[in-house]
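What follows is one structure encoded as structure tokens, with my remarks underneath.
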There are 2 protein chains.
Amino acid sequence: MLIDPALFEENERTAPVADERQFLITGPYRCEVGGELPQVTIAYETWGTLNSDHSNAVLVCHALTGDAHAIGWWDRLIGPGRPIDTDLLFVIGVNVLGGCQGSTGPASLAADGRRYAMRFPIVTVGDMVEVQARLLDHLGIDQLYAVAGGSMGGMQALEWTVRFPNRVRKAFITASCSAHSAMQVGFNETARQAIMQDPRWNRGEYTDDEQPDGGLSVARMLGHLSFLSDAAFTAKFGRRLQDKDRFDFTFDTEFQVESYLKYQGSKFTKRFDANALLYVTRAIDYFERRSLKGSVADYLFTSFTSDWLYPSYQSEAMHQLALSAGCSSKHKIIDLPYGHDAFLLDGVHQGALVRDFLATN
Amino acid sequence: MLIDPALFEENERTAPVADERQFLITGPYRCEVGGELPQVTIAYETWGTLNSDHSNAVLVCHALTGDAHAIGWWDRLIGPGRPIDTDLLFVIGVNVLGGCQGSTGPASLAADGRRYAMRFPIVTVGDMVEVQARLLDHLGIDQLYAVAGGSMGGMQALEWTVRFPNRVRKAFITASCSAHSAMQVGFNETARQAIMQDPRWNRGEYTDDEQPDGGLSVARMLGHLSFLSDAAFTAKFGRRLQDKDRFDFTFDTEFQVESYLKYQGSKFTKRFDANALLYVTRAIDYFERRSLKGSVADYLFTSFTSDWLYPSYQSEAMHQLALSAGCSSKHKIIDLPYGHDAFLLDGVHQGALVRDFLATN
């Protein structure tokens with residue numbers, strides 16, 4: 001299949017400047033595996049209108065380094081007339097607990113006025129979901145029409161259907177899994193070590209002036225290596241050189257792919273907290289659901305042939321768990337060459353499936 | 001296919017303690033893309049006996065972080081009665097120029113008594129081969145019966161057949177390629193950045209007491225991620241925990257795969273020079289052979305279905321180049337689940353092919 005380079009370019013678009021986020025501040029929260037937060041801030045955004053019987057809410061859960069601005073990173077699926085149609089549905093995006101895009105996380109200030117840093121309690125996918133449930137309580141939503149997410153967002157969606165079976169009717173889960181494989185844990189641990197081995201990490205006690213940007217950027221480069229397929233890298237970069245016709249024969253940038261990865265790494269350090277990356281990667285490594293017993297949701301799973309980070313067999317395993325739990329479930333494997341990023345890039349195939357899935361009652 | 005965990009264990013065996021290396025010290029060497037070394041030391045090892053007409057020599061080229069002790073890392077293929085039979089053949093292993101296992105590299109002392117570090121000239125795969133040719137001159141070998149290598153070793157073997165067409169009869173090239181893809185360059189650049197972003201790297205001017213071990217170990221973890229297949233990681237580690245029955249919920253080691261990767265990273269810092277890793281990864285990123293015109297060698301290419309770092313299509317491309325050059329060539333794709341490491345682990349399938357290939361005249 002041919003790859004349209006424009007698809008990648010579009011994905012680089014930046015989110016709208018206007019910050020439409022809202023913040024819910026709740027009382028103490030006891031984390032699933034120990035530790036208590038005296039107060040939790042939940043950053044969220046909504047689109048569309050909640051109907052009179054509060055039955056048209058869709059919660060959209062973000063991936064590892066995403067944010068509440070779901071209409072930004074999933075614009076191919078969310079919006080007026082889009083598969084997750086904001087003309088009909090009330091769509092909610094929430095930044096996860098433990099992240100750094102407005103919700104409470106390790107970069108937040110603790111009661112002593114200092115950042116939590118590594119004093120922040122270990123957060124699980126279950127905790128992310130529990131905090132989202134508080135937000136739904138606040139919004140007066142007893143039951144979600146649907147929960148949706150890809151990658152780490154898919155884990156949250158899956159967790160919703162088991163933890164709060166009466167609060168979810170449908171779950172759309174893409175490019176995700178019910179438990180990380182050894183290789184997925186390995187990629188995450190290597191990213192964590194890139195941060196923790198950086199002397200500037202200083203056991204998490206870095207300052208604004210001296211942050212572990214080197215380690216964090218390497219962690220992000222590693223992430224981007226795993227987001228694309230070999231075919232996508234070749235289509236996007238090949239062996240093309242960066243702003244030159246011949247090699248300089250130095251250790252500076254020679255190939256376009258080097259420039260791309262270093263740029264992604266550097267850009268990431270300006271928007272993401274190193275400790276937060278430790279916490280969210282840890283959360284998804286711990287995540288493990290071996291049964292969906294008790295769930296009454298309808299499931300739609302999608303996966304992509306070229307996604308080697310979250311291979312299709314993992315979505316198939318979730319689909320089988322759903323069937324074993326007596327749920328209605330579909331798993332569609334989509335043949336696209338973009339790698340893991342396909343779940344963000346594909347509005348067409350995924351879109352049609354999601355539209356149908358949300359249309360049927 | 002089932003994976004025998006013992007295969008992996010055996011691969012961890014350490015090389016024999018006795019150092020059988022020999023050293024050839026030659027005069028000035030001008031590198032292909034500029035820079036001159038006043039003197040080059042070539043570390044090598046041999047097994048078997050050179051016959052009277054000097055027609056039974058096989059040069060074995062090592063991969064990225066290998067060494068001259070080929071009988072150690074390729075013991076499934078090399079030895080008495082093995083496919084590369086030291087009872088019949090005179091086998092030569094050579095540490096590459098730019099490495100750190102006895103041959104001249106960035107950790108060697110320059111004329112001013114200080115390490116070259118980043119003053120070392122850029123080295124190409126062509127340079128590695130030129131220096132090996134000097135060793136053959138010294139040993140009185142005009143023509144190799146065969147040259148063999150996997151991964152970076154395969155690139156050297158390929159280069160031999162083009163650069164010195166009259167000096168090579170056969171080339172066995174496994175899990176290799178004629179030019180790195182964008183993804184392969186990307187993995188290497190991320191490894192290099194892991195080193196260069198470590199403040200202790202200090203632009204290459206680190207001391208024995210303070211080396212960029214953190215960055216180097218992360219680079220090695222990244223390497224090991226790319227050496228195994230997803231299936232191999234699952235077979236070897238799954239989600240098993242390291243010396244415990246339940247999670248501690250900390251950022252210390254939880255999973256076995258974390259322990260494995262960190263151990264590999266840490267061990268590597270004790271045997272490999274960080275600057276040398278920069279130079280050898282750069283050499284293979286630069287390498288590009290788009291034609292084998294002029295070669296008169298017979299080729300055997302092997303590749304492995306589960307090797308996603310050096311996928312089979314790259315070996316097929318080399319095979320097609322060999323055919324286009326009018327050479328005799330075979331490419332066999334071997335269905336084994338071990339990933340890139342298969343080229344080191346598989347003595348059986350590869351072994352039978354190599355035995356046949358070397359037996360025919």
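Quick note on naming: the chains in the structure tokens go A, B, ... in the order shown, residues restart at 1 in each chain, and ligands are numbered from 1 in order of appearance.
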
Can you list every residue in stretch 106-340 of chain A that DSSP puts in helix (DSSP H, G or I), as a PyMOL selection string? chain A and resi 117-119+125-139+152-163+165-167+182-196+199-204+213-227+230-236+256-269+274-286+312-324+339-340

Contacts of stretch 208-218 of chain B within 8 Å, only C-alpha atoms, excl. fewer than 2 positions in-chain, as a list of chain:residue names: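 Using only C-alpha atoms, the neighbours found are A:Thr190, A:Gln193, A:Ala194, A:Gln197, A:Asp198, B:Ala191, B:Ala194, B:Ile195, B:Met196, B:Gln197, B:Asp198, B:Pro199, B:Arg200, B:Trp201, B:Tyr206, B:Arg220, B:Met221, B:Leu222, B:Lys262, B:Gln264, B:Gly265, B:Ser266, B:Phe268, B:Thr269, B:Ala274.
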
Taking only C-alpha atoms into account, which residues of chain B are within 9 Å of chain A, as an MDAnalysis selection string? chainID B and resid 33:34 122 179:187 189:194 196:200 213:215 217:219 221:222 225 228:240 247 249:251 255:258 261:262 278:279 282 286 308

For atom CA of A:Glu159 and atom CA of A:Ser178, quote the distance in Å rounded to one decimal.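 Between these atoms lies a distance of 8.9 Å.
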
Given only C-alpha atoms as the basis, pick out the residue of A:Val296, A:Ile173, A:Leu241, A:Leu139 nearest to A:Leu353.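 The answer is A:Ile173, which sits nearest to A:Leu353.
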
Contacts of B:Val354 at 7 Å or less, counting only C-alpha atoms, minus same-chain residues fewer than 4 places along, as a PyMOL selection string? chain B and resi 83+350+358

Please dump the current selection as a short mmCIF file (atom, residue, chain, number, x, y, z; two decimals), in the first residue's frame; keep N, CA and C atoms.
```
data_model
loop_
_atom_site.label_atom_id
_atom_site.label_comp_id
_atom_site.auth_asym_id
_atom_site.auth_seq_id
_atom_site.Cartn_x
_atom_site.Cartn_y
_atom_site.Cartn_z
N PRO B 83 30.15 -26.51 10.63
CA PRO B 83 29.96 -26.09 9.22
C PRO B 83 31.15 -25.28 8.67
N GLN B 350 21.02 -22.74 9.44
CA GLN B 350 22.11 -22.00 8.84
C GLN B 350 23.31 -22.89 8.63
N LEU B 358 29.99 -24.27 1.52
CA LEU B 358 31.45 -24.31 1.55
C LEU B 358 31.99 -25.60 0.94
#
```

So, counting only C-alpha atoms, which residue among A:Arg246, A:His349, A:Arg119, A:Arg163 is closest to A:Leu37? A:Arg119

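We find atom CA of A:Gly154 and atom CA of A:Val125 to be spaced 10.3 Å apart.
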
Neighbour list for A:Leu323 as a ChimeraX atom specification, cut-off 12 Å, only C-alpha atoms, skip fewer than 3 positions in-chain: /A:291-301,316-320,326-331

Long-range neighbours of A:Thr46 as a list in words, 10 Å cut-off, only C-alpha atoms, 2 positions minimum in chain: Glu20, Arg21, Gln22, Tyr44, Gly48, Thr49, Leu50, Ala57, Val58, Leu59, Val60, Ala68, His69, Ala70, Ile71, Thr86, Phe90, Val91, Ile92, Gly93 and Val94 of chain A
